[in-house]
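Data block below; observations after.
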Amino acid sequence: MQVNHRTKFVVLPIFLLLGVATLLLTRNVSAAGDGSIAGTVKLNGTAPHMKGIDMSKDPYCAKAHANDPAKMENVVVGSGGGLQNVVLYISEGLSGSAASATPSEVPVFDQKNCMYTPHVLPLDVNQKYKVTTSDQTTHNIHPLPQAGSGNIGWNKSQPPGAPPIENSWKAQEVAIPIKCNIHPWMHGWHVVVKGPYAVTDGSGNYTIKNVPAGSYTVTAWQEEYGPQTQKVTVAAGQPAKADFTFKAK
Amino acid sequence: MRTNRHLMWISLLPGVALLALAGPCSAQVTAYQEQQQMGMTSHIGNLTGSATKGAAAYRRFCVGCHGPIGDGEGENAQWIDPKPRNFTLGVFKCRSTPTGTLPLDSDLFNTVGRGIVNSNMPRWLPLTDQDRADLVAYVKYFSPRFATEKPGAPIAIPPEPKLTAERVKAGQEVFNKVQCWKCHGVEGRANGPSADTLTDDLGRPIRPFNFHDSTRFKCGETDQDLYRIFMTGLDGTPMPSFSDNIKPDEAWDLVFYLRSLQPMHSPERALAEQLGLKPVNPNAPAPQNNK
């Protein structure tokens, strides 16, 4: 009897200690002043010619682009050689909790004037996103993840005025092609990564926010040129810099 | 002395807990292999199919097209269009479950019995129900999806309402609103503006269903089958699911209208003729979604 009592007294503090230890450990990771990684992605060389898109099969789409002819968006280069739609993410070095935290914002993948806006959408694993349509023509949204990636493809229609489709991706995958079978020129990407990410703007600039201090490998992914990596060290609460240059083929 | 021994055991506790946690993690990796060894099963009504029993029938009847590893690359595959299904992907056209989910065992069972029109997949009528159930289990064994996922919840189909002229007319409005004609054409002749650019998930050309070709569809021939086809979508093909955008009542209207396009004399067709229904006009102003 006495022994049993003793056991209780010994077990309790052990569990308490374990609890406090886990609390402290997780705190250490998230409480350190978060830094950031920023930089510019450029294209070295002449930007490839982006073909025009003939939308005459769907009068609605053709009309939407009457004054502004649509072009392919595989390589979009801004002023000064800045490369747009490049996704930057941390491919190595993230600790458990920083990698598994899922952002609460719900990005929108819109179908506008028979194109995808944005053309490339980065997402965290399990992050919710919305597919919306601004068009007065029917689209079907057909993501095609790789077999065995852990993500499962689907195919849903979205007629004019249809409500948004809300979904998320279960596994990391760079990248999932999205297509519309009705408008064969429509092509977009969902880039599903673990941890903080960023996508370059029209000038090729990006900032990955909420990066805890540490040493990382940053990957820049472009749909035509593939991935590039760089080692980056982030000091607590400090911005780090990483510029990338892709070579035109 | 006794107390000391207790203390020693307690100090081991965290380690034991860790081991217990690690157990299921490593088990997950081998779940598929385990399933393969133990044999996949299928359950259709009172029937239970077993993959080990299905193997022999598969090697005799299916292997020529679907191939020894179920990847749809059997020796006949090169001569066949549409191509035989690649079972390793675990993606199936004919399902009663929502898009992106696995089919029920009974869906696969029905496909084996029904065959697929406009393709080389015949109706396997000579096979007994038990043979078909065993084959379903064997087909499931080719895709790791069946070891880790459950089939989706089947889409509910309400009882078929009474056919009326109003319903046929309303069905045409649905046909126009969700723009079935983009691929299937305004008269259902598979000649819509997007028809000739369609490809399946593997990038191979595919054509939409021509409603004037047949009274049977790839995934069945009853009104319920037709309802199911556009609500679930045919995964692996350009045909999307319309379940988010067509209400159950409208779905029945659409079924009646689609029937009026088909080659046989049907009550739906008679009603459409009586109404003097003209094919939808895609150049009319885009339909406004006021509902």
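Residue numbers start at 1 in each chain; chains themselves are named A, B, ... in the order of the structure tokens; ligands are numbered from 1 in the order shown.
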
Go through chain B and flag each residue having an atom no more than 7 Å from chain A; for those, report the closest pair of atoms plus their distance in Å to one decimal, using only C-alpha atoms, ordered by chain and rising number, as a tab-separated table.
residue	atom	partner	partner_atom	distance
B:Thr3	CA	A:Val3	CA	6.4
B:Leu89	CA	A:Ala147	CA	6.1
B:Thr99	CA	A:Trp154	CA	5.3
B:Gly100	CA	A:Trp154	CA	4.4
B:Val178	CA	A:Pro159	CA	5.2
B:Gln179	CA	A:Thr138	CA	6.2
B:Lys182	CA	A:Ile182	CA	6.8
B:Pro193	CA	A:Lys57	CA	5.8
B:Ser194	CA	A:Ile182	CA	5.4
B:Thr197	CA	A:Pro184	CA	6.7
B:Leu198	CA	A:Asn181	CA	6.1
B:Asp235	CA	A:Trp154	CA	6.9
B:Pro238	CA	A:Asn181	CA	5.6
B:Pro240	CA	A:Lys156	CA	4.6
B:Ser241	CA	A:Lys156	CA	4.6
B:Phe242	CA	A:Ser157	CA	5.6
B:Asn245	CA	A:Ala162	CA	6.6
B:Ala286	CA	A:Gln136	CA	6.4
B:Asn289	CA	A:Gly161	CA	5.9

Next, the residues of the selection above should be written as a CSV table (one decimal), in the first residue's frame with N, CA and C atoms.
chain,number,residue,atom,x,y,z
B,3,THR,N,11.1,-0.5,-3.2
B,3,THR,CA,10.8,0.8,-3.8
B,3,THR,C,11.8,1.2,-4.9
B,89,LEU,N,-2.9,3.5,-60.9
B,89,LEU,CA,-3.2,4.9,-60.5
B,89,LEU,C,-4.4,4.9,-59.5
B,99,THR,N,-16.0,13.0,-57.1
B,99,THR,CA,-14.7,13.1,-57.9
B,99,THR,C,-13.5,13.1,-56.9
B,100,GLY,N,-12.5,12.4,-57.2
B,100,GLY,CA,-11.3,12.4,-56.4
B,100,GLY,C,-11.3,11.4,-55.3
B,178,VAL,N,-25.1,25.2,-67.5
B,178,VAL,CA,-23.7,24.7,-67.2
B,178,VAL,C,-22.9,24.4,-68.4
B,179,GLN,N,-23.4,24.7,-69.6
B,179,GLN,CA,-22.7,24.6,-70.8
B,179,GLN,C,-22.1,23.3,-71.2
B,182,LYS,N,-20.4,22.9,-74.6
B,182,LYS,CA,-19.0,23.3,-74.9
B,182,LYS,C,-18.2,22.1,-75.4
B,193,PRO,N,-17.4,23.4,-79.3
B,193,PRO,CA,-16.2,24.1,-79.7
B,193,PRO,C,-14.9,23.5,-79.0
B,194,SER,N,-15.0,22.9,-77.8
B,194,SER,CA,-13.8,22.3,-77.2
B,194,SER,C,-13.6,20.9,-77.5
B,197,THR,N,-10.1,19.4,-78.8
B,197,THR,CA,-8.9,19.6,-78.1
B,197,THR,C,-8.8,18.8,-76.8
B,198,LEU,N,-9.8,17.9,-76.5
B,198,LEU,CA,-9.8,17.2,-75.3
B,198,LEU,C,-8.8,16.2,-75.2
B,235,ASP,N,-13.6,10.4,-63.6
B,235,ASP,CA,-12.3,10.8,-63.2
B,235,ASP,C,-11.3,10.1,-64.2
B,238,PRO,N,-11.8,14.4,-69.2
B,238,PRO,CA,-12.2,15.8,-69.1
B,238,PRO,C,-13.5,16.0,-68.4
B,240,PRO,N,-16.1,16.7,-65.9
B,240,PRO,CA,-16.0,17.1,-64.5
B,240,PRO,C,-17.3,16.7,-63.8
B,241,SER,N,-17.2,16.9,-62.5
B,241,SER,CA,-18.3,16.6,-61.6
B,241,SER,C,-19.2,17.9,-61.6
B,242,PHE,N,-20.5,17.8,-61.7
B,242,PHE,CA,-21.4,18.9,-61.6
B,242,PHE,C,-22.2,19.0,-60.3
B,245,ASN,N,-23.0,22.2,-58.7
B,245,ASN,CA,-23.7,23.3,-59.5
B,245,ASN,C,-25.1,22.8,-60.1
B,286,ALA,N,-24.8,35.4,-72.6
B,286,ALA,CA,-24.5,34.4,-71.6
B,286,ALA,C,-25.7,34.4,-70.6
B,289,ASN,N,-27.1,34.1,-64.0
B,289,ASN,CA,-27.3,33.1,-62.9
B,289,ASN,C,-28.1,33.8,-61.8

What lies within 12 Å of region 82-86 of chain B using only C-alpha atoms, ignoring chain neighbours under 4 positions off, as a PyMOL selection string?
(chain A and resi 147) or (chain B and resi 62-78+90-94+111+115-122+139-140+142-143+199-208+218+235-237)

Residues at most 8 Å from Leu88 (chain A), counting only C-alpha atoms, excluding those fewer than 2 positions away in the same chain, as a list in words?
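Neighbouring residues, sequence-local ones excluded: Val86, Ile90, Tyr197, Ala198, Val199, Thr200, Tyr206, Ile208, Val218, Thr219, Ala220 and Trp221 of chain A.
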
Could the residues in this selection be written to a file with C-alpha atoms, as a compact mmCIF listing (two decimals), in the first residue's frame?
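Ended up saving to out10.txt:
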# COMPACT_ATOMS: atom_id res chain seq x y z
CA VAL A 86 9.02 32.04 -59.17
CA ILE A 90 12.79 26.47 -47.54
CA TYR A 197 7.13 30.49 -48.83
CA ALA A 198 6.99 33.45 -51.22
CA VAL A 199 6.40 34.11 -54.88
CA THR A 200 8.14 36.77 -56.96
CA TYR A 206 10.26 38.31 -53.00
CA ILE A 208 9.82 34.93 -47.21
CA VAL A 218 16.26 27.94 -50.08
CA THR A 219 14.83 26.58 -53.32
CA ALA A 220 13.60 28.79 -56.17
CA TRP A 221 11.27 26.98 -58.56

Between B:Thr148, B:Trp79, B:Leu102, B:Tyr138, which is the closest to Lys53 (chain B) once you count only C-alpha atoms?
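Closest to Lys53 (chain B) of all the choices is B:Tyr138.
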
Would you list the contacts of region 254-257 of chain B as a PyMOL selection string, taking every protein, DNA or RNA residue within 9 Å and counting only C-alpha atoms, but skipping same-chain residues closer than 3 positions in sequence?
chain B and resi 163-164+167-175+223-224+226-227+249-251+260-261+268-269+272

For the residues in the current selection, export N, CA and C atoms as a PDB file, in the first residue's frame.
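Output file selection34.pdb follows:
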ATOM      1  N   LEU B 163     -42.077  12.216 -65.515  1.00  0.00           N
ATOM      2  CA  LEU B 163     -41.631  12.946 -66.702  1.00  0.00           C
ATOM      3  C   LEU B 163     -42.725  13.899 -67.168  1.00  0.00           C
ATOM      4  N   THR B 164     -42.362  15.176 -67.368  1.00  0.00           N
ATOM      5  CA  THR B 164     -43.316  16.150 -67.913  1.00  0.00           C
ATOM      6  C   THR B 164     -42.604  16.976 -68.977  1.00  0.00           C
ATOM      7  N   ARG B 167     -40.345  19.561 -67.524  1.00  0.00           N
ATOM      8  CA  ARG B 167     -39.059  19.057 -67.054  1.00  0.00           C
ATOM      9  C   ARG B 167     -38.061  18.935 -68.208  1.00  0.00           C
ATOM     10  N   VAL B 168     -38.545  18.495 -69.369  1.00  0.00           N
ATOM     11  CA  VAL B 168     -37.653  18.397 -70.526  1.00  0.00           C
ATOM     12  C   VAL B 168     -37.139  19.783 -70.890  1.00  0.00           C
ATOM     13  N   LYS B 169     -38.052  20.756 -70.872  1.00  0.00           N
ATOM     14  CA  LYS B 169     -37.685  22.133 -71.213  1.00  0.00           C
ATOM     15  C   LYS B 169     -36.702  22.694 -70.173  1.00  0.00           C
ATOM     16  N   ALA B 170     -37.004  22.448 -68.882  1.00  0.00           N
ATOM     17  CA  ALA B 170     -36.108  22.916 -67.813  1.00  0.00           C
ATOM     18  C   ALA B 170     -34.736  22.258 -67.947  1.00  0.00           C
ATOM     19  N   GLY B 171     -34.748  21.005 -68.395  1.00  0.00           N
ATOM     20  CA  GLY B 171     -33.489  20.282 -68.585  1.00  0.00           C
ATOM     21  C   GLY B 171     -32.616  20.950 -69.625  1.00  0.00           C
ATOM     22  N   GLN B 172     -33.270  21.462 -70.672  1.00  0.00           N
ATOM     23  CA  GLN B 172     -32.485  22.161 -71.696  1.00  0.00           C
ATOM     24  C   GLN B 172     -31.855  23.427 -71.116  1.00  0.00           C
ATOM     25  N   GLU B 173     -32.581  24.085 -70.193  1.00  0.00           N
ATOM     26  CA  GLU B 173     -32.010  25.278 -69.566  1.00  0.00           C
ATOM     27  C   GLU B 173     -30.765  24.927 -68.744  1.00  0.00           C
ATOM     28  N   VAL B 174     -30.825  23.786 -68.045  1.00  0.00           N
ATOM     29  CA  VAL B 174     -29.650  23.344 -67.280  1.00  0.00           C
ATOM     30  C   VAL B 174     -28.496  23.049 -68.244  1.00  0.00           C
ATOM     31  N   PHE B 175     -28.810  22.354 -69.324  1.00  0.00           N
ATOM     32  CA  PHE B 175     -27.832  22.011 -70.365  1.00  0.00           C
ATOM     33  C   PHE B 175     -27.137  23.279 -70.858  1.00  0.00           C
ATOM     34  N   ASP B 223     -31.573   5.641 -66.336  1.00  0.00           N
ATOM     35  CA  ASP B 223     -31.664   7.060 -66.010  1.00  0.00           C
ATOM     36  C   ASP B 223     -30.802   7.378 -64.780  1.00  0.00           C
ATOM     37  N   GLN B 224     -30.773   6.437 -63.827  1.00  0.00           N
ATOM     38  CA  GLN B 224     -29.953   6.643 -62.617  1.00  0.00           C
ATOM     39  C   GLN B 224     -28.472   6.700 -62.980  1.00  0.00           C
ATOM     40  N   LEU B 226     -27.222   7.714 -65.807  1.00  0.00           N
ATOM     41  CA  LEU B 226     -26.987   8.994 -66.475  1.00  0.00           C
ATOM     42  C   LEU B 226     -26.865  10.122 -65.442  1.00  0.00           C
ATOM     43  N   TYR B 227     -27.768  10.118 -64.462  1.00  0.00           N
ATOM     44  CA  TYR B 227     -27.741  11.077 -63.356  1.00  0.00           C
ATOM     45  C   TYR B 227     -26.373  11.033 -62.670  1.00  0.00           C
ATOM     46  N   ASP B 249     -33.050  18.177 -58.202  1.00  0.00           N
ATOM     47  CA  ASP B 249     -34.232  18.302 -59.044  1.00  0.00           C
ATOM     48  C   ASP B 249     -33.844  18.680 -60.481  1.00  0.00           C
ATOM     49  N   GLU B 250     -32.893  19.630 -60.598  1.00  0.00           N
ATOM     50  CA  GLU B 250     -32.409  20.038 -61.920  1.00  0.00           C
ATOM     51  C   GLU B 250     -31.711  18.878 -62.618  1.00  0.00           C
ATOM     52  N   ALA B 251     -31.053  18.037 -61.825  1.00  0.00           N
ATOM     53  CA  ALA B 251     -30.331  16.902 -62.407  1.00  0.00           C
ATOM     54  C   ALA B 251     -31.300  15.981 -63.124  1.00  0.00           C
ATOM     55  N   SER B 260     -33.844  13.014 -74.606  1.00  0.00           N
ATOM     56  CA  SER B 260     -34.537  13.466 -75.818  1.00  0.00           C
ATOM     57  C   SER B 260     -33.563  13.612 -76.986  1.00  0.00           C
ATOM     58  N   LEU B 261     -32.238  13.640 -76.686  1.00  0.00           N
ATOM     59  CA  LEU B 261     -31.247  13.756 -77.747  1.00  0.00           C
ATOM     60  C   LEU B 261     -30.892  12.396 -78.348  1.00  0.00           C
ATOM     61  N   GLU B 268     -39.358  11.012 -73.830  1.00  0.00           N
ATOM     62  CA  GLU B 268     -38.671  12.316 -73.699  1.00  0.00           C
ATOM     63  C   GLU B 268     -38.559  12.984 -75.063  1.00  0.00           C
ATOM     64  N   ARG B 269     -38.229  12.173 -76.070  1.00  0.00           N
ATOM     65  CA  ARG B 269     -38.049  12.713 -77.410  1.00  0.00           C
ATOM     66  C   ARG B 269     -39.387  13.214 -77.974  1.00  0.00           C
ATOM     67  N   ALA B 272     -40.115  16.506 -76.463  1.00  0.00           N
ATOM     68  CA  ALA B 272     -39.281  17.570 -77.024  1.00  0.00           C
ATOM     69  C   ALA B 272     -39.802  17.986 -78.390  1.00  0.00           C
TER      70      ALA B 272
END

Could you give me, as a PDB file with C-alpha atoms, in the first residue's frame, each residue of region 4-246 of chain B that DSSP assigns to alpha helix (DSSP H) when run on this structure's backbone?
ATOM      1  CA  ASN B   4      14.100   1.123  -5.576  1.00  0.00           C
ATOM      2  CA  ARG B   5      13.153  -1.501  -8.077  1.00  0.00           C
ATOM      3  CA  HIS B   6       9.902   0.358  -8.739  1.00  0.00           C
ATOM      4  CA  LEU B   7      11.802   3.546  -9.339  1.00  0.00           C
ATOM      5  CA  MET B   8      14.019   1.795 -11.820  1.00  0.00           C
ATOM      6  CA  TRP B   9      10.995   0.617 -13.836  1.00  0.00           C
ATOM      7  CA  ILE B  10       9.444   4.065 -13.756  1.00  0.00           C
ATOM      8  CA  SER B  11      12.595   5.688 -15.072  1.00  0.00           C
ATOM      9  CA  LEU B  12      12.269   3.363 -18.063  1.00  0.00           C
ATOM     10  CA  LEU B  13       8.724   4.598 -18.792  1.00  0.00           C
ATOM     11  CA  PRO B  14       9.565   7.444 -21.239  1.00  0.00           C
ATOM     12  CA  GLY B  15      11.678   5.035 -23.268  1.00  0.00           C
ATOM     13  CA  VAL B  16       8.880   2.487 -23.425  1.00  0.00           C
ATOM     14  CA  ALA B  17       6.449   5.225 -24.453  1.00  0.00           C
ATOM     15  CA  LEU B  18       8.776   6.271 -27.261  1.00  0.00           C
ATOM     16  CA  LEU B  19       9.031   2.696 -28.501  1.00  0.00           C
ATOM     17  CA  ALA B  20       5.237   2.377 -28.432  1.00  0.00           C
ATOM     18  CA  LEU B  21       4.948   5.561 -30.496  1.00  0.00           C
ATOM     19  CA  ALA B  22       7.549   4.427 -32.991  1.00  0.00           C
ATOM     20  CA  GLY B  23       5.689   1.144 -33.528  1.00  0.00           C
ATOM     21  CA  PRO B  24       2.700   2.417 -35.547  1.00  0.00           C
ATOM     22  CA  CYS B  25       4.922   4.741 -37.607  1.00  0.00           C
ATOM     23  CA  SER B  26       7.000   1.918 -39.020  1.00  0.00           C
ATOM     24  CA  ALA B  27       3.866  -0.221 -39.382  1.00  0.00           C
ATOM     25  CA  GLN B  28       2.359   2.391 -41.689  1.00  0.00           C
ATOM     26  CA  VAL B  29       5.143   1.936 -44.212  1.00  0.00           C
ATOM     27  CA  THR B  30       4.483  -1.746 -44.505  1.00  0.00           C
ATOM     28  CA  ALA B  31       0.669  -1.542 -44.507  1.00  0.00           C
ATOM     29  CA  TYR B  32       0.562  -1.833 -48.287  1.00  0.00           C
ATOM     30  CA  GLN B  33       3.061  -4.676 -48.381  1.00  0.00           C
ATOM     31  CA  GLU B  34       1.128  -6.422 -45.646  1.00  0.00           C
ATOM     32  CA  GLN B  35      -2.087  -6.010 -47.619  1.00  0.00           C
ATOM     33  CA  GLN B  36      -0.363  -7.434 -50.648  1.00  0.00           C
ATOM     34  CA  GLN B  37       0.773 -10.470 -48.732  1.00  0.00           C
ATOM     35  CA  MET B  38      -2.491 -11.060 -46.951  1.00  0.00           C
ATOM     36  CA  ALA B  51      -7.387 -11.242 -54.672  1.00  0.00           C
ATOM     37  CA  THR B  52      -5.538 -14.543 -54.380  1.00  0.00           C
ATOM     38  CA  LYS B  53      -8.492 -16.289 -56.039  1.00  0.00           C
ATOM     39  CA  GLY B  54      -8.903 -13.537 -58.646  1.00  0.00           C
ATOM     40  CA  ALA B  55      -5.299 -13.831 -59.854  1.00  0.00           C
ATOM     41  CA  ALA B  56      -5.963 -16.861 -62.055  1.00  0.00           C
ATOM     42  CA  ALA B  57      -8.993 -15.310 -63.785  1.00  0.00           C
ATOM     43  CA  VAL B  63      -3.849  -9.599 -68.678  1.00  0.00           C
ATOM     44  CA  GLY B  64      -3.862  -9.240 -72.482  1.00  0.00           C
ATOM     45  CA  CYS B  65      -4.980  -5.628 -72.277  1.00  0.00           C
ATOM     46  CA  HIS B  66      -4.424  -4.510 -68.674  1.00  0.00           C
ATOM     47  CA  ASP B 105     -16.375  -2.368 -54.754  1.00  0.00           C
ATOM     48  CA  SER B 106     -19.819  -2.614 -56.338  1.00  0.00           C
ATOM     49  CA  ASP B 107     -18.892   0.116 -58.856  1.00  0.00           C
ATOM     50  CA  LEU B 108     -15.935  -1.949 -60.102  1.00  0.00           C
ATOM     51  CA  PHE B 109     -18.070  -5.100 -59.996  1.00  0.00           C
ATOM     52  CA  ASN B 110     -20.705  -3.442 -62.200  1.00  0.00           C
ATOM     53  CA  THR B 111     -18.092  -2.213 -64.669  1.00  0.00           C
ATOM     54  CA  VAL B 112     -16.746  -5.757 -65.140  1.00  0.00           C
ATOM     55  CA  GLY B 113     -20.260  -7.030 -65.794  1.00  0.00           C
ATOM     56  CA  ARG B 114     -21.407  -4.122 -67.935  1.00  0.00           C
ATOM     57  CA  ASP B 129     -20.594 -13.200 -59.740  1.00  0.00           C
ATOM     58  CA  GLN B 130     -18.007 -14.828 -57.478  1.00  0.00           C
ATOM     59  CA  ASP B 131     -15.377 -14.630 -60.249  1.00  0.00           C
ATOM     60  CA  ARG B 132     -16.164 -10.957 -60.769  1.00  0.00           C
ATOM     61  CA  ALA B 133     -15.924 -10.259 -57.031  1.00  0.00           C
ATOM     62  CA  ASP B 134     -12.515 -11.993 -56.935  1.00  0.00           C
ATOM     63  CA  LEU B 135     -11.382  -9.957 -59.944  1.00  0.00           C
ATOM     64  CA  VAL B 136     -12.446  -6.724 -58.234  1.00  0.00           C
ATOM     65  CA  ALA B 137     -10.296  -7.655 -55.239  1.00  0.00           C
ATOM     66  CA  TYR B 138      -7.375  -8.373 -57.560  1.00  0.00           C
ATOM     67  CA  VAL B 139      -7.795  -5.085 -59.445  1.00  0.00           C
ATOM     68  CA  LYS B 140      -7.771  -3.206 -56.120  1.00  0.00           C
ATOM     69  CA  TYR B 141      -4.496  -4.858 -55.177  1.00  0.00           C
ATOM     70  CA  ARG B 145      -4.645   3.847 -52.756  1.00  0.00           C
ATOM     71  CA  PHE B 146      -6.919   0.971 -51.765  1.00  0.00           C
ATOM     72  CA  ALA B 147      -4.618   0.064 -48.877  1.00  0.00           C
ATOM     73  CA  THR B 148      -4.614   3.564 -47.385  1.00  0.00           C
ATOM     74  CA  ALA B 165     -42.832  18.513 -70.845  1.00  0.00           C
ATOM     75  CA  GLU B 166     -41.824  21.258 -68.381  1.00  0.00           C
ATOM     76  CA  ARG B 167     -39.059  19.057 -67.054  1.00  0.00           C
ATOM     77  CA  VAL B 168     -37.653  18.397 -70.526  1.00  0.00           C
ATOM     78  CA  LYS B 169     -37.685  22.133 -71.213  1.00  0.00           C
ATOM     79  CA  ALA B 170     -36.108  22.916 -67.813  1.00  0.00           C
ATOM     80  CA  GLY B 171     -33.489  20.282 -68.585  1.00  0.00           C
ATOM     81  CA  GLN B 172     -32.485  22.161 -71.696  1.00  0.00           C
ATOM     82  CA  GLU B 173     -32.010  25.278 -69.566  1.00  0.00           C
ATOM     83  CA  VAL B 174     -29.650  23.344 -67.280  1.00  0.00           C
ATOM     84  CA  PHE B 175     -27.832  22.011 -70.365  1.00  0.00           C
ATOM     85  CA  ASN B 176     -27.372  25.630 -71.475  1.00  0.00           C
ATOM     86  CA  LYS B 177     -26.589  27.059 -68.030  1.00  0.00           C
ATOM     87  CA  TRP B 181     -22.537  21.954 -75.210  1.00  0.00           C
ATOM     88  CA  LYS B 182     -18.972  23.277 -74.862  1.00  0.00           C
ATOM     89  CA  CYS B 183     -17.830  19.688 -75.451  1.00  0.00           C
ATOM     90  CA  HIS B 184     -20.943  17.655 -76.263  1.00  0.00           C
ATOM     91  CA  ASP B 223     -31.664   7.060 -66.010  1.00  0.00           C
ATOM     92  CA  GLN B 224     -29.953   6.643 -62.617  1.00  0.00           C
ATOM     93  CA  ASP B 225     -26.664   5.852 -64.354  1.00  0.00           C
ATOM     94  CA  LEU B 226     -26.987   8.994 -66.475  1.00  0.00           C
ATOM     95  CA  TYR B 227     -27.741  11.077 -63.356  1.00  0.00           C
ATOM     96  CA  ARG B 228     -24.681   9.582 -61.637  1.00  0.00           C
ATOM     97  CA  ILE B 229     -22.345  10.244 -64.587  1.00  0.00           C
ATOM     98  CA  PHE B 230     -22.614  14.025 -64.589  1.00  0.00           C
ATOM     99  CA  MET B 231     -22.881  14.344 -60.811  1.00  0.00           C
ATOM    100  CA  THR B 232     -19.734  12.296 -60.056  1.00  0.00           C
TER     101      THR B 232
END

For Gly39 (chain A), please output as a PDB file with N, CA and C atoms, in the first residue's frame all residues within 8 Å (counting only C-alpha atoms; exclusion window: fewer than 6 positions along the same chain).
ATOM      1  N   ASN A 205      10.958  40.448 -57.273  1.00  0.00           N
ATOM      2  CA  ASN A 205      11.282  40.561 -55.842  1.00  0.00           C
ATOM      3  C   ASN A 205      10.422  39.630 -55.003  1.00  0.00           C
ATOM      4  N   TYR A 206      11.018  39.184 -53.908  1.00  0.00           N
ATOM      5  CA  TYR A 206      10.259  38.313 -53.004  1.00  0.00           C
ATOM      6  C   TYR A 206      10.725  38.524 -51.579  1.00  0.00           C
ATOM      7  N   THR A 207       9.876  38.166 -50.607  1.00  0.00           N
ATOM      8  CA  THR A 207      10.262  38.131 -49.194  1.00  0.00           C
ATOM      9  C   THR A 207       9.593  36.936 -48.536  1.00  0.00           C
ATOM     10  N   LYS A 241      19.521  37.713 -47.183  1.00  0.00           N
ATOM     11  CA  LYS A 241      19.360  38.018 -48.607  1.00  0.00           C
ATOM     12  C   LYS A 241      19.756  36.808 -49.453  1.00  0.00           C
ATOM     13  N   ALA A 242      18.985  36.550 -50.490  1.00  0.00           N
ATOM     14  CA  ALA A 242      19.340  35.478 -51.436  1.00  0.00           C
ATOM     15  C   ALA A 242      18.784  35.847 -52.805  1.00  0.00           C
ATOM     16  N   ASP A 243      19.682  36.178 -53.728  1.00  0.00           N
ATOM     17  CA  ASP A 243      19.272  36.476 -55.104  1.00  0.00           C
ATOM     18  C   ASP A 243      19.495  35.240 -55.963  1.00  0.00           C
ATOM     19  N   PHE A 244      18.636  35.064 -56.938  1.00  0.00           N
ATOM     20  CA  PHE A 244      18.765  33.927 -57.854  1.00  0.00           C
ATOM     21  C   PHE A 244      18.809  34.440 -59.289  1.00  0.00           C
TER      22      PHE A 244
END

I'd like the contact shell of Cys61 (chain A) - 6 Å cut-off, only C-alpha atoms, skipping same-chain residues fewer than 4 positions apart - returned as a list in words.
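Within the cut-off, the hits are Met55, Asn113 and Cys114 of chain A.
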
Within region 26-73 of chain A, find each residue whose DSSP state, derived from the backbone, is strand (DSSP E or B), and express the selection as a PyMOL selection string.
chain A and resi 35-44+52+71

Once you have the residues from the selection above, write them out as a tab-separated table (two decimals), in the first residue's frame, restricted to N, CA and C atoms.
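Saved as selection.tsv:
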chain	number	residue	atom	x	y	z
A	35	GLY	N	13.05	36.08	-38.43
A	35	GLY	CA	13.71	36.85	-39.47
A	35	GLY	C	13.00	36.66	-40.79
A	36	SER	N	13.67	37.03	-41.86
A	36	SER	CA	13.06	36.87	-43.18
A	36	SER	C	14.16	36.63	-44.20
A	37	ILE	N	13.78	36.12	-45.35
A	37	ILE	CA	14.71	35.96	-46.46
A	37	ILE	C	14.11	36.72	-47.64
A	38	ALA	N	14.89	37.62	-48.19
A	38	ALA	CA	14.38	38.42	-49.31
A	38	ALA	C	15.42	38.45	-50.42
A	39	GLY	N	14.99	38.83	-51.59
A	39	GLY	CA	15.92	38.92	-52.71
A	39	GLY	C	15.20	39.16	-54.01
A	40	THR	N	15.94	39.01	-55.09
A	40	THR	CA	15.41	39.23	-56.43
A	40	THR	C	15.76	38.03	-57.29
A	41	VAL	N	14.82	37.62	-58.13
A	41	VAL	CA	15.08	36.54	-59.08
A	41	VAL	C	15.11	37.15	-60.46
A	42	LYS	N	16.20	36.90	-61.19
A	42	LYS	CA	16.35	37.50	-62.51
A	42	LYS	C	16.55	36.45	-63.58
A	43	LEU	N	16.27	36.86	-64.79
A	43	LEU	CA	16.53	35.99	-65.94
A	43	LEU	C	17.75	36.54	-66.68
A	44	ASN	N	18.73	35.69	-66.89
A	44	ASN	CA	19.94	36.08	-67.61
A	44	ASN	C	19.79	35.67	-69.07
A	52	GLY	N	1.15	33.94	-78.53
A	52	GLY	CA	-0.18	34.47	-78.30
A	52	GLY	C	-1.18	33.31	-78.20
A	71	LYS	N	-1.31	36.09	-73.85
A	71	LYS	CA	-0.07	35.40	-74.17
A	71	LYS	C	0.14	34.27	-73.17

Between A:Gly202, A:Gly214, A:Gly237, A:Pro122, which residue has the minimum interatomic distance to Gly78 (chain A), considering only C-alpha atoms?
A:Gly202
